[in-house]
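What follows is the content of input.pdb, which has PDB, C-alpha atoms and all ligand atoms:
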MODEL        1
ATOM      1  CA  MET X   1      18.155  -5.846 -12.816  1.00  0.00           C
ATOM      2  CA  THR X   2      14.988  -5.489 -10.743  1.00  0.00           C
ATOM      3  CA  GLY X   3      11.992  -7.819 -11.198  1.00  0.00           C
ATOM      4  CA  LEU X   4       9.564  -5.064 -10.290  1.00  0.00           C
ATOM      5  CA  THR X   5       6.681  -4.834 -12.728  1.00  0.00           C
ATOM      6  CA  ASP X   6       5.010  -1.513 -13.589  1.00  0.00           C
ATOM      7  CA  GLU X   7       2.008  -2.671 -11.548  1.00  0.00           C
ATOM      8  CA  LEU X   8       4.170  -3.200  -8.458  1.00  0.00           C
ATOM      9  CA  LYS X   9       5.881   0.165  -8.993  1.00  0.00           C
ATOM     10  CA  GLU X  10       2.471   1.854  -9.104  1.00  0.00           C
ATOM     11  CA  GLU X  11       1.563   0.093  -5.862  1.00  0.00           C
ATOM     12  CA  MET X  12       4.786   1.355  -4.230  1.00  0.00           C
ATOM     13  CA  LYS X  13       4.060   4.940  -5.296  1.00  0.00           C
ATOM     14  CA  LYS X  14       0.668   4.771  -3.563  1.00  0.00           C
ATOM     15  CA  HIS X  15       2.277   3.843  -0.258  1.00  0.00           C
ATOM     16  CA  THR X  16       4.084   6.999   0.685  1.00  0.00           C
ATOM     17  CA  GLY X  17       2.303   8.391   3.753  1.00  0.00           C
ATOM     18  CA  PHE X  18       2.416   6.366   6.962  1.00  0.00           C
ATOM     19  CA  SER X  19       0.904   6.942  10.361  1.00  0.00           C
ATOM     20  CA  GLN X  20       0.137   4.580  13.227  1.00  0.00           C
ATOM     21  CA  ASP X  21      -3.582   5.468  12.866  1.00  0.00           C
ATOM     22  CA  GLN X  22      -3.709   3.881   9.433  1.00  0.00           C
ATOM     23  CA  ILE X  23      -0.979   1.283   9.747  1.00  0.00           C
ATOM     24  CA  LYS X  24      -3.318  -1.719   9.917  1.00  0.00           C
ATOM     25  CA  GLU X  25      -5.278  -0.652   6.843  1.00  0.00           C
ATOM     26  CA  HIS X  26      -2.081   0.175   4.967  1.00  0.00           C
ATOM     27  CA  TYR X  27      -0.514  -3.230   5.542  1.00  0.00           C
ATOM     28  CA  ASP X  28      -3.778  -5.163   5.145  1.00  0.00           C
ATOM     29  CA  GLU X  29      -3.995  -3.623   1.682  1.00  0.00           C
ATOM     30  CA  ILE X  30      -0.388  -4.253   0.647  1.00  0.00           C
ATOM     31  CA  ALA X  31      -0.085  -7.730   2.239  1.00  0.00           C
ATOM     32  CA  GLU X  32      -0.587  -9.872  -0.889  1.00  0.00           C
ATOM     33  CA  LYS X  33       1.981  -7.869  -2.878  1.00  0.00           C
ATOM     34  CA  TYR X  34       4.444  -7.171  -0.039  1.00  0.00           C
ATOM     35  CA  ASP X  35       6.936  -9.975  -0.748  1.00  0.00           C
ATOM     36  CA  ALA X  36       7.037  -9.263  -4.501  1.00  0.00           C
ATOM     37  CA  ILE X  37       7.647  -5.559  -3.896  1.00  0.00           C
ATOM     38  CA  TYR X  38      10.163  -5.780  -1.064  1.00  0.00           C
ATOM     39  CA  LEU X  39      12.214  -8.707  -2.325  1.00  0.00           C
ATOM     40  CA  ASN X  40      12.453  -7.330  -5.872  1.00  0.00           C
ATOM     41  CA  ALA X  41      13.497  -3.926  -4.503  1.00  0.00           C
ATOM     42  CA  GLY X  42      16.308  -5.468  -2.435  1.00  0.00           C
ATOM     43  CA  TYR X  43      15.006  -5.666   1.138  1.00  0.00           C
ATOM     44  CA  HIS X  44      17.685  -7.572   3.066  1.00  0.00           C
ATOM     45  CA  ASP X  45      16.707  -6.780   6.672  1.00  0.00           C
ATOM     46  CA  PRO X  46      15.065 -10.181   7.350  1.00  0.00           C
ATOM     47  CA  LEU X  47      18.138 -12.127   6.203  1.00  0.00           C
ATOM     48  CA  HIS X  48      20.517  -9.992   8.272  1.00  0.00           C
ATOM     49  CA  CYS X  49      18.313 -10.360  11.372  1.00  0.00           C
ATOM     50  CA  ALA X  50      18.128 -14.145  10.957  1.00  0.00           C
ATOM     51  CA  ASN X  51      21.900 -14.324  10.434  1.00  0.00           C
ATOM     52  CA  LEU X  52      22.520 -12.375  13.656  1.00  0.00           C
ATOM     53  CA  VAL X  53      20.235 -14.748  15.561  1.00  0.00           C
ATOM     54  CA  LYS X  54      22.154 -17.695  14.111  1.00  0.00           C
ATOM     55  CA  GLU X  55      25.452 -16.113  15.191  1.00  0.00           C
ATOM     56  CA  PHE X  56      24.448 -15.572  18.830  1.00  0.00           C
ATOM     57  CA  VAL X  57      21.508 -17.779  19.814  1.00  0.00           C
ATOM     58  CA  PRO X  58      22.217 -21.492  20.317  1.00  0.00           C
ATOM     59  CA  ASN X  59      19.484 -23.589  18.728  1.00  0.00           C
ATOM     60  CA  THR X  60      18.473 -26.011  21.472  1.00  0.00           C
ATOM     61  CA  PRO X  61      15.113 -27.867  21.495  1.00  0.00           C
ATOM     62  CA  GLY X  62      13.562 -25.212  23.785  1.00  0.00           C
ATOM     63  CA  THR X  63      14.890 -22.111  22.016  1.00  0.00           C
ATOM     64  CA  GLU X  64      11.988 -19.749  21.372  1.00  0.00           C
ATOM     65  CA  ILE X  65      12.184 -16.624  19.199  1.00  0.00           C
ATOM     66  CA  PHE X  66       9.679 -13.775  18.953  1.00  0.00           C
ATOM     67  CA  ASP X  67       9.477 -11.976  15.611  1.00  0.00           C
ATOM     68  CA  MET X  68       7.912  -8.622  16.492  1.00  0.00           C
ATOM     69  CA  GLY X  69       6.138  -6.856  13.632  1.00  0.00           C
ATOM     70  CA  CYS X  70       6.652 -10.065  11.660  1.00  0.00           C
ATOM     71  CA  GLY X  71       4.655  -8.877   8.648  1.00  0.00           C
ATOM     72  CA  THR X  72       4.510 -11.558   5.963  1.00  0.00           C
ATOM     73  CA  GLY X  73       7.026 -13.729   7.802  1.00  0.00           C
ATOM     74  CA  LEU X  74      10.261 -13.133   5.899  1.00  0.00           C
ATOM     75  CA  VAL X  75      12.358 -13.256   9.088  1.00  0.00           C
ATOM     76  CA  GLY X  76      10.626 -16.486  10.125  1.00  0.00           C
ATOM     77  CA  LEU X  77      11.388 -18.024   6.766  1.00  0.00           C
ATOM     78  CA  HIS X  78      15.129 -17.360   7.155  1.00  0.00           C
ATOM     79  CA  LEU X  79      15.097 -18.515  10.785  1.00  0.00           C
ATOM     80  CA  LYS X  80      13.414 -21.726   9.675  1.00  0.00           C
ATOM     81  CA  GLU X  81      16.126 -22.204   7.042  1.00  0.00           C
ATOM     82  CA  HIS X  82      18.670 -21.786   9.857  1.00  0.00           C
ATOM     83  CA  GLY X  83      16.933 -24.620  11.737  1.00  0.00           C
ATOM     84  CA  TYR X  84      14.914 -22.696  14.372  1.00  0.00           C
ATOM     85  CA  ASN X  85      11.451 -24.181  14.774  1.00  0.00           C
ATOM     86  CA  LYS X  86       9.882 -22.461  17.797  1.00  0.00           C
ATOM     87  CA  ILE X  87       9.103 -19.064  16.335  1.00  0.00           C
ATOM     88  CA  VAL X  88       6.232 -16.842  17.445  1.00  0.00           C
ATOM     89  CA  GLY X  89       5.208 -13.829  15.366  1.00  0.00           C
ATOM     90  CA  CYS X  90       3.067 -10.783  16.088  1.00  0.00           C
ATOM     91  CA  ASP X  91       1.850  -7.906  13.966  1.00  0.00           C
ATOM     92  CA  ALA X  92      -0.832  -5.212  13.958  1.00  0.00           C
ATOM     93  CA  SER X  93      -2.091  -6.293  10.523  1.00  0.00           C
ATOM     94  CA  GLN X  94      -4.143  -9.484  10.256  1.00  0.00           C
ATOM     95  CA  GLY X  95      -3.664  -9.354   6.472  1.00  0.00           C
ATOM     96  CA  MET X  96       0.107  -9.589   6.904  1.00  0.00           C
ATOM     97  CA  LEU X  97      -0.285 -12.388   9.488  1.00  0.00           C
ATOM     98  CA  ASP X  98      -2.465 -14.355   7.036  1.00  0.00           C
ATOM     99  CA  VAL X  99       0.368 -14.249   4.486  1.00  0.00           C
ATOM    100  CA  ALA X 100       2.907 -15.141   7.209  1.00  0.00           C
ATOM    101  CA  SER X 101       0.929 -18.230   8.186  1.00  0.00           C
ATOM    102  CA  LEU X 102       1.432 -19.614   4.658  1.00  0.00           C
ATOM    103  CA  LYS X 103       5.218 -19.632   5.181  1.00  0.00           C
ATOM    104  CA  GLY X 104       4.871 -22.491   7.673  1.00  0.00           C
ATOM    105  CA  ALA X 105       7.635 -21.027   9.849  1.00  0.00           C
ATOM    106  CA  TYR X 106       5.659 -19.845  12.903  1.00  0.00           C
ATOM    107  CA  TYR X 107       3.983 -22.062  15.468  1.00  0.00           C
ATOM    108  CA  GLU X 108       2.037 -19.122  16.884  1.00  0.00           C
ATOM    109  CA  LEU X 109       0.917 -15.867  15.215  1.00  0.00           C
ATOM    110  CA  LYS X 110      -0.782 -13.100  17.201  1.00  0.00           C
ATOM    111  CA  GLU X 111      -2.478  -9.892  16.176  1.00  0.00           C
ATOM    112  CA  LEU X 112      -0.895  -7.348  18.525  1.00  0.00           C
ATOM    113  CA  PHE X 113      -0.492  -3.579  18.361  1.00  0.00           C
ATOM    114  CA  LEU X 114       2.979  -2.797  19.700  1.00  0.00           C
ATOM    115  CA  GLY X 115       4.153   0.457  21.276  1.00  0.00           C
ATOM    116  CA  LYS X 116       2.226   0.182  24.562  1.00  0.00           C
ATOM    117  CA  PRO X 117       4.677  -1.281  27.094  1.00  0.00           C
ATOM    118  CA  ASP X 118       2.375  -0.486  30.063  1.00  0.00           C
ATOM    119  CA  THR X 119      -0.225  -2.953  28.810  1.00  0.00           C
ATOM    120  CA  TYR X 120       2.170  -5.399  27.141  1.00  0.00           C
ATOM    121  CA  PRO X 121       0.624  -8.910  27.372  1.00  0.00           C
ATOM    122  CA  GLN X 122       1.878 -10.884  30.367  1.00  0.00           C
ATOM    123  CA  GLU X 123       2.205 -14.057  28.246  1.00  0.00           C
ATOM    124  CA  PHE X 124       5.235 -12.531  26.475  1.00  0.00           C
ATOM    125  CA  HIS X 125       7.113 -11.275  29.551  1.00  0.00           C
ATOM    126  CA  GLY X 126      10.561 -12.820  30.022  1.00  0.00           C
ATOM    127  CA  ARG X 127       9.679 -15.675  27.686  1.00  0.00           C
ATOM    128  CA  PHE X 128      12.010 -15.568  24.677  1.00  0.00           C
ATOM    129  CA  ASP X 129      15.655 -16.409  23.972  1.00  0.00           C
ATOM    130  CA  ALA X 130      15.682 -13.726  21.283  1.00  0.00           C
ATOM    131  CA  ILE X 131      13.443 -11.214  19.572  1.00  0.00           C
ATOM    132  CA  THR X 132      13.751  -9.917  16.033  1.00  0.00           C
ATOM    133  CA  ALA X 133      12.325  -6.653  14.728  1.00  0.00           C
ATOM    134  CA  ALA X 134      13.050  -6.055  11.047  1.00  0.00           C
ATOM    135  CA  GLY X 135      11.856  -2.857   9.412  1.00  0.00           C
ATOM    136  CA  ILE X 136       9.525  -1.709  12.213  1.00  0.00           C
ATOM    137  CA  LEU X 137      11.686   1.150  13.526  1.00  0.00           C
ATOM    138  CA  ALA X 138      10.690   3.501  10.755  1.00  0.00           C
ATOM    139  CA  GLN X 139       8.714   6.562   9.800  1.00  0.00           C
ATOM    140  CA  GLY X 140       5.091   6.152  10.931  1.00  0.00           C
ATOM    141  CA  HIS X 141       5.939   2.819  12.555  1.00  0.00           C
ATOM    142  CA  LEU X 142       7.240   2.207  16.101  1.00  0.00           C
ATOM    143  CA  GLY X 143       8.709   4.865  18.396  1.00  0.00           C
ATOM    144  CA  VAL X 144      11.322   4.427  21.127  1.00  0.00           C
ATOM    145  CA  GLU X 145       8.788   2.896  23.556  1.00  0.00           C
ATOM    146  CA  VAL X 146       8.987  -0.383  21.631  1.00  0.00           C
ATOM    147  CA  PHE X 147      12.503  -0.912  23.059  1.00  0.00           C
ATOM    148  CA  GLU X 148      10.837  -1.552  26.446  1.00  0.00           C
ATOM    149  CA  GLU X 149       8.695  -4.247  24.816  1.00  0.00           C
ATOM    150  CA  PHE X 150      11.825  -5.814  23.310  1.00  0.00           C
ATOM    151  CA  LEU X 151      13.423  -5.895  26.772  1.00  0.00           C
ATOM    152  CA  LEU X 152      10.258  -7.197  28.442  1.00  0.00           C
ATOM    153  CA  SER X 153      10.057 -10.078  25.979  1.00  0.00           C
ATOM    154  CA  VAL X 154      13.496 -11.650  26.362  1.00  0.00           C
ATOM    155  CA  LYS X 155      15.022 -13.604  29.219  1.00  0.00           C
ATOM    156  CA  LYS X 156      18.093 -12.220  30.981  1.00  0.00           C
ATOM    157  CA  GLY X 157      21.008 -13.009  28.662  1.00  0.00           C
ATOM    158  CA  GLY X 158      18.668 -13.150  25.648  1.00  0.00           C
ATOM    159  CA  TYR X 159      19.229 -11.272  22.395  1.00  0.00           C
ATOM    160  CA  ILE X 160      17.446  -8.337  20.758  1.00  0.00           C
ATOM    161  CA  VAL X 161      18.001  -8.016  17.014  1.00  0.00           C
ATOM    162  CA  PHE X 162      16.624  -5.117  14.978  1.00  0.00           C
ATOM    163  CA  THR X 163      17.179  -2.899  11.945  1.00  0.00           C
ATOM    164  CA  THR X 164      16.632   0.754  11.166  1.00  0.00           C
ATOM    165  CA  ARG X 165      17.765   3.280   8.577  1.00  0.00           C
ATOM    166  CA  THR X 166      20.947   5.015   9.786  1.00  0.00           C
ATOM    167  CA  MET X 167      19.294   8.432   9.331  1.00  0.00           C
ATOM    168  CA  TYR X 168      16.418   7.417  11.659  1.00  0.00           C
ATOM    169  CA  LEU X 169      18.809   6.919  14.591  1.00  0.00           C
ATOM    170  CA  GLU X 170      18.839  10.687  14.934  1.00  0.00           C
ATOM    171  CA  GLU X 171      15.583  11.654  13.207  1.00  0.00           C
ATOM    172  CA  PHE X 172      13.364   9.536  15.482  1.00  0.00           C
ATOM    173  CA  GLY X 173      15.602   9.457  18.565  1.00  0.00           C
ATOM    174  CA  TYR X 174      16.331   5.713  18.320  1.00  0.00           C
ATOM    175  CA  GLY X 175      20.093   6.235  18.687  1.00  0.00           C
ATOM    176  CA  LYS X 176      19.700   8.309  21.856  1.00  0.00           C
ATOM    177  CA  ARG X 177      17.372   5.772  23.484  1.00  0.00           C
ATOM    178  CA  ILE X 178      19.611   2.835  22.488  1.00  0.00           C
ATOM    179  CA  ALA X 179      22.568   4.576  24.154  1.00  0.00           C
ATOM    180  CA  GLU X 180      20.539   5.451  27.273  1.00  0.00           C
ATOM    181  CA  ILE X 181      19.528   1.823  27.779  1.00  0.00           C
ATOM    182  CA  GLU X 182      23.158   0.797  27.388  1.00  0.00           C
ATOM    183  CA  ALA X 183      24.243   3.471  29.915  1.00  0.00           C
ATOM    184  CA  GLU X 184      21.586   2.147  32.332  1.00  0.00           C
ATOM    185  CA  GLY X 185      23.346  -1.232  32.092  1.00  0.00           C
ATOM    186  CA  ARG X 186      20.242  -2.988  30.775  1.00  0.00           C
ATOM    187  CA  TRP X 187      21.740  -4.220  27.506  1.00  0.00           C
ATOM    188  CA  LYS X 188      25.063  -4.302  25.668  1.00  0.00           C
ATOM    189  CA  GLN X 189      25.763  -4.250  21.983  1.00  0.00           C
ATOM    190  CA  VAL X 190      27.265  -7.463  20.642  1.00  0.00           C
ATOM    191  CA  LYS X 191      27.206  -6.633  16.914  1.00  0.00           C
ATOM    192  CA  GLU X 192      26.429  -3.837  14.489  1.00  0.00           C
ATOM    193  CA  ILE X 193      26.385  -4.210  10.716  1.00  0.00           C
ATOM    194  CA  THR X 194      25.741  -1.744   7.920  1.00  0.00           C
ATOM    195  CA  PHE X 195      24.179  -2.569   4.558  1.00  0.00           C
ATOM    196  CA  THR X 196      22.180  -1.028   1.715  1.00  0.00           C
ATOM    197  CA  ARG X 197      18.432  -1.609   1.505  1.00  0.00           C
ATOM    198  CA  TYR X 198      16.567  -1.363  -1.826  1.00  0.00           C
ATOM    199  CA  ASP X 199      19.845  -1.780  -3.712  1.00  0.00           C
ATOM    200  CA  LYS X 200      18.084  -3.521  -6.621  1.00  0.00           C
ATOM    201  CA  LEU X 201      16.220  -0.347  -7.559  1.00  0.00           C
ATOM    202  CA  GLU X 202      17.519   1.228 -10.745  1.00  0.00           C
ATOM    203  CA  GLU X 203      15.507   4.394 -10.139  1.00  0.00           C
ATOM    204  CA  GLU X 204      13.651   6.042  -7.262  1.00  0.00           C
ATOM    205  CA  VAL X 205      10.125   4.634  -6.939  1.00  0.00           C
ATOM    206  CA  GLY X 206       7.865   6.742  -4.720  1.00  0.00           C
ATOM    207  CA  ARG X 207       9.662   6.964  -1.372  1.00  0.00           C
ATOM    208  CA  TYR X 208      11.825   3.924  -2.157  1.00  0.00           C
ATOM    209  CA  ARG X 209      15.496   4.426  -3.069  1.00  0.00           C
ATOM    210  CA  PRO X 210      18.761   2.750  -2.022  1.00  0.00           C
ATOM    211  CA  VAL X 211      19.378   3.659   1.619  1.00  0.00           C
ATOM    212  CA  GLU X 212      21.889   2.797   4.357  1.00  0.00           C
ATOM    213  CA  VAL X 213      20.556   0.570   7.135  1.00  0.00           C
ATOM    214  CA  LYS X 214      21.983  -0.707  10.427  1.00  0.00           C
ATOM    215  CA  ALA X 215      21.298  -4.133  11.911  1.00  0.00           C
ATOM    216  CA  TYR X 216      22.050  -4.505  15.605  1.00  0.00           C
ATOM    217  CA  ALA X 217      22.267  -7.333  18.096  1.00  0.00           C
ATOM    218  CA  TYR X 218      22.011  -6.424  21.795  1.00  0.00           C
ATOM    219  CA  GLN X 219      22.182  -8.758  24.776  1.00  0.00           C
ATOM    220  CA  LYS X 220      19.846  -8.163  27.720  1.00  0.00           C
ATOM    221  CA  LEU X 221      21.907  -7.886  30.901  1.00  0.00           C
ATOM    222  CA  VAL X 222      19.403  -7.697  33.776  1.00  0.00           C
TER     223      VAL X 222
HETATM  224  C1  LIG G 301       8.101  -2.898   6.737  1.00  0.00           C
HETATM  225  S1  LIG G 301       7.066  -4.070   7.500  1.00  0.00           S
HETATM  226  C2  LIG G 301       8.260  -5.246   8.139  1.00  0.00           C
HETATM  227  C3  LIG G 301       7.672  -6.621   8.274  1.00  0.00           C
HETATM  228  C4  LIG G 301       8.670  -7.710   8.554  1.00  0.00           C
HETATM  229  N1  LIG G 301       9.297  -7.560   9.841  1.00  0.00           N
HETATM  230  C5  LIG G 301       9.712  -7.754   7.458  1.00  0.00           C
HETATM  231  O1  LIG G 301      10.891  -7.454   7.736  1.00  0.00           O
HETATM  232  O2  LIG G 301       9.355  -8.066   6.317  1.00  0.00           O
HETATM  233  C6  LIG G 301       6.496  -3.283   8.979  1.00  0.00           C
HETATM  234  C7  LIG G 301       5.519  -4.131   9.792  1.00  0.00           C
HETATM  235  O3  LIG G 301       5.307  -3.487  11.046  1.00  0.00           O
HETATM  236  C8  LIG G 301       3.961  -3.681  11.403  1.00  0.00           C
HETATM  237  N2  LIG G 301       3.587  -2.650  12.375  1.00  0.00           N
HETATM  238  C9  LIG G 301       3.643  -1.321  12.238  1.00  0.00           C
HETATM  239  N3  LIG G 301       3.230  -0.706  13.360  1.00  0.00           N
HETATM  240  C10 LIG G 301       2.916  -1.692  14.246  1.00  0.00           C
HETATM  241  C11 LIG G 301       2.451  -1.719  15.592  1.00  0.00           C
HETATM  242  N4  LIG G 301       2.200  -0.595  16.276  1.00  0.00           N
HETATM  243  N5  LIG G 301       2.269  -2.923  16.181  1.00  0.00           N
HETATM  244  C12 LIG G 301       2.529  -4.077  15.506  1.00  0.00           C
HETATM  245  N6  LIG G 301       2.956  -4.111  14.236  1.00  0.00           N
HETATM  246  C13 LIG G 301       3.159  -2.939  13.608  1.00  0.00           C
HETATM  247  C14 LIG G 301       3.200  -3.559  10.090  1.00  0.00           C
HETATM  248  O4  LIG G 301       1.898  -4.106  10.159  1.00  0.00           O
HETATM  249  C15 LIG G 301       4.144  -4.302   9.137  1.00  0.00           C
HETATM  250  O5  LIG G 301       3.820  -5.657   9.042  1.00  0.00           O
ENDMDL
END
Show how you would write the structure in this file as structure tokens.
Amino acid sequence: MTGLTDELKEEMKKHTGFSQDQIKEHYDEIAEKYDAIYLNAGYHDPLHCANLVKEFVPNTPGTEIFDMGCGTGLVGLHLKEHGYNKIVGCDASQGMLDVASLKGAYYELKELFLGKPDTYPQEFHGRFDAITAAGILAQGHLGVEVFEEFLLSVKKGGYIVFTTRTMYLEEFGYGKRIAEIEAEGRWKQVKEITFTRYDKLEEEVGRYRPVEVKAYAYQKLV
């Protein structure tokens, strides 16, 4: 049984078209209602990402994790529950970051527009033990160039944890680029899981319907 109210369903129907040109405005507008919509629809990506971090990344006092496209901070919340306390988040939408700051899980939150590896801020290079990227490899969101930013961010031996719809692996070329990076010997897959997103929906709402998603953990090799 979904807890989605008619008001939230109407909000979801409005948010069908995405493009990077309007992404900030889109998420600034939805920010206050994001958690109610996504959690009631059955959005499990943040929990799976946090669980993969817990499985692979030892939690020592210095362990630092970068949640890229952190949105309202759902990944951070789960990481905090798992005991991680040095979590940095970034997102293009200040509205989403404002909601994330209320979660009390991040010690640093940055407004940052991802997808430009050539000008990726030096302060993030080679800094993190792991990065997470839940729900940002999607239609109108990040293209394959963000994989370079993932790799730039982690230390050698660090972990890169992300989710995407299975169908997007081919549709947006993510699968091809993931395999190329592996063939180049720059990362290796340590885990892949499959689950259903939006499984609490009893009916299709706008573009939202139950859909198969992959969560991956890769280890940076060089
Ligand atoms: C579906 S939400 C996922 C948020 C969060 N990771 C989660 O799992 O709840 C997608 C997020 O990606 C962010 N985003 C989209 N394009 C971006 C870009 N180019 N740079 C940074 N953030 C971006 C949006 O602002 C939004 O917060």
- So which residues get picked by the PyMOL selection byres (((chain X and resi 185-187) around 10) and not hetatm) here, written as a list of chain:residue names? X:Leu151, X:Lys156, X:Gly157, X:Gly158, X:Tyr159, X:Ile160, X:Ile178, X:Ala179, X:Glu180, X:Ile181, X:Glu182, X:Ala183, X:Glu184, X:Lys188, X:Gln189, X:Val190, X:Ala217, X:Tyr218, X:Gln219, X:Lys220, X:Leu221, X:Val222
- Task: Determine the residue set returned by the PyMOL selection byres (((chain X and resi 95-99) around 10) and not hetatm) for the present structure, and present it as a PyMOL selection string.
- Result: chain X and resi 24-35+69-73+89-94+100-104+109-111
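Across X:Glu203, X:Asp67, X:Glu81, X:Glu212, the tightest approach to ligand LIG 301 (chain G) is made by X:Asp67 when counting all atoms listed in the file.
Rounded to one decimal, atom CA of Ala215 of chain X and atom CA of Ala134 of chain X lie 8.5 Å from each other.
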Where's the centre, and what are the edge lengths in Å to one decimal, of a box along x, y and z enclosing all listed atoms of ligand LIG 301 (chain G) padded 6 Å per side, as lines of an AutoDock Vina configuration file?
center_x = 6.4
center_y = -4.3
center_z = 11.3
size_x = 21.0
size_y = 19.5
size_z = 22.0
- Task: With the file shown as input, list the residues that the PyMOL selection byres (((chain X and resi 196) around 9) and not hetatm) selects, as a PyMOL selection string.
- Result: chain X and resi 42-44+194-195+197-199+210-214
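Atom pair atom CA of Val53 of chain X / atom CA of Leu201 of chain X has a distance of 27.5 Å (rounded to one decimal).
Here atom C9 of ligand LIG 301 (chain G) stands at a distance of 15.7 Å from atom CA of Tyr174 of chain X.
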- Message: Give me, as a VMD selection string, all polymer residues having an atom no more than 10 Å from Leu77 of chain X, counting all atoms listed in the file and skipping those fewer than 6 positions away in the same chain.
- Response: chain X and resid 46 to 47 50 83 to 84 87 100 103 to 106
- Hey, which of X:Glu7, X:Glu55, X:Glu171, X:Glu149 ends up closest to Met68 of chain X? Count only C-alpha atoms. X:Glu149
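Considering the residues X:Leu4, X:Leu112, X:Ala41, X:Ile65 and counting all atoms listed in the file, ligand LIG 301 (chain G) has its shortest atom-to-atom contact with X:Leu112.
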All residues 9 Å or closer to segment 59-62 of chain X, all atoms listed in the file, same chain fewer than 2 positions away omitted, as a compact mmCIF listing (two decimals) with C-alpha atoms, in the frame of the given file:
# COMPACT_ATOMS: atom_id res chain seq x y z
CA LYS X 54 22.15 -17.70 14.11
CA VAL X 57 21.51 -17.78 19.81
CA GLU X 64 11.99 -19.75 21.37
CA GLY X 83 16.93 -24.62 11.74
CA TYR X 84 14.91 -22.70 14.37
CA ASN X 85 11.45 -24.18 14.77
CA LYS X 86 9.88 -22.46 17.80
- Message: I'd like the neighbourhood of Tyr216 of chain X as a ChimeraX atom specification, where a residue qualifies if any of its atoms comes within 6 Å (using all atoms listed in the file), though same-chain residues fewer than 4 positions away should be ignored.
- Response: /X:161-162,191-192
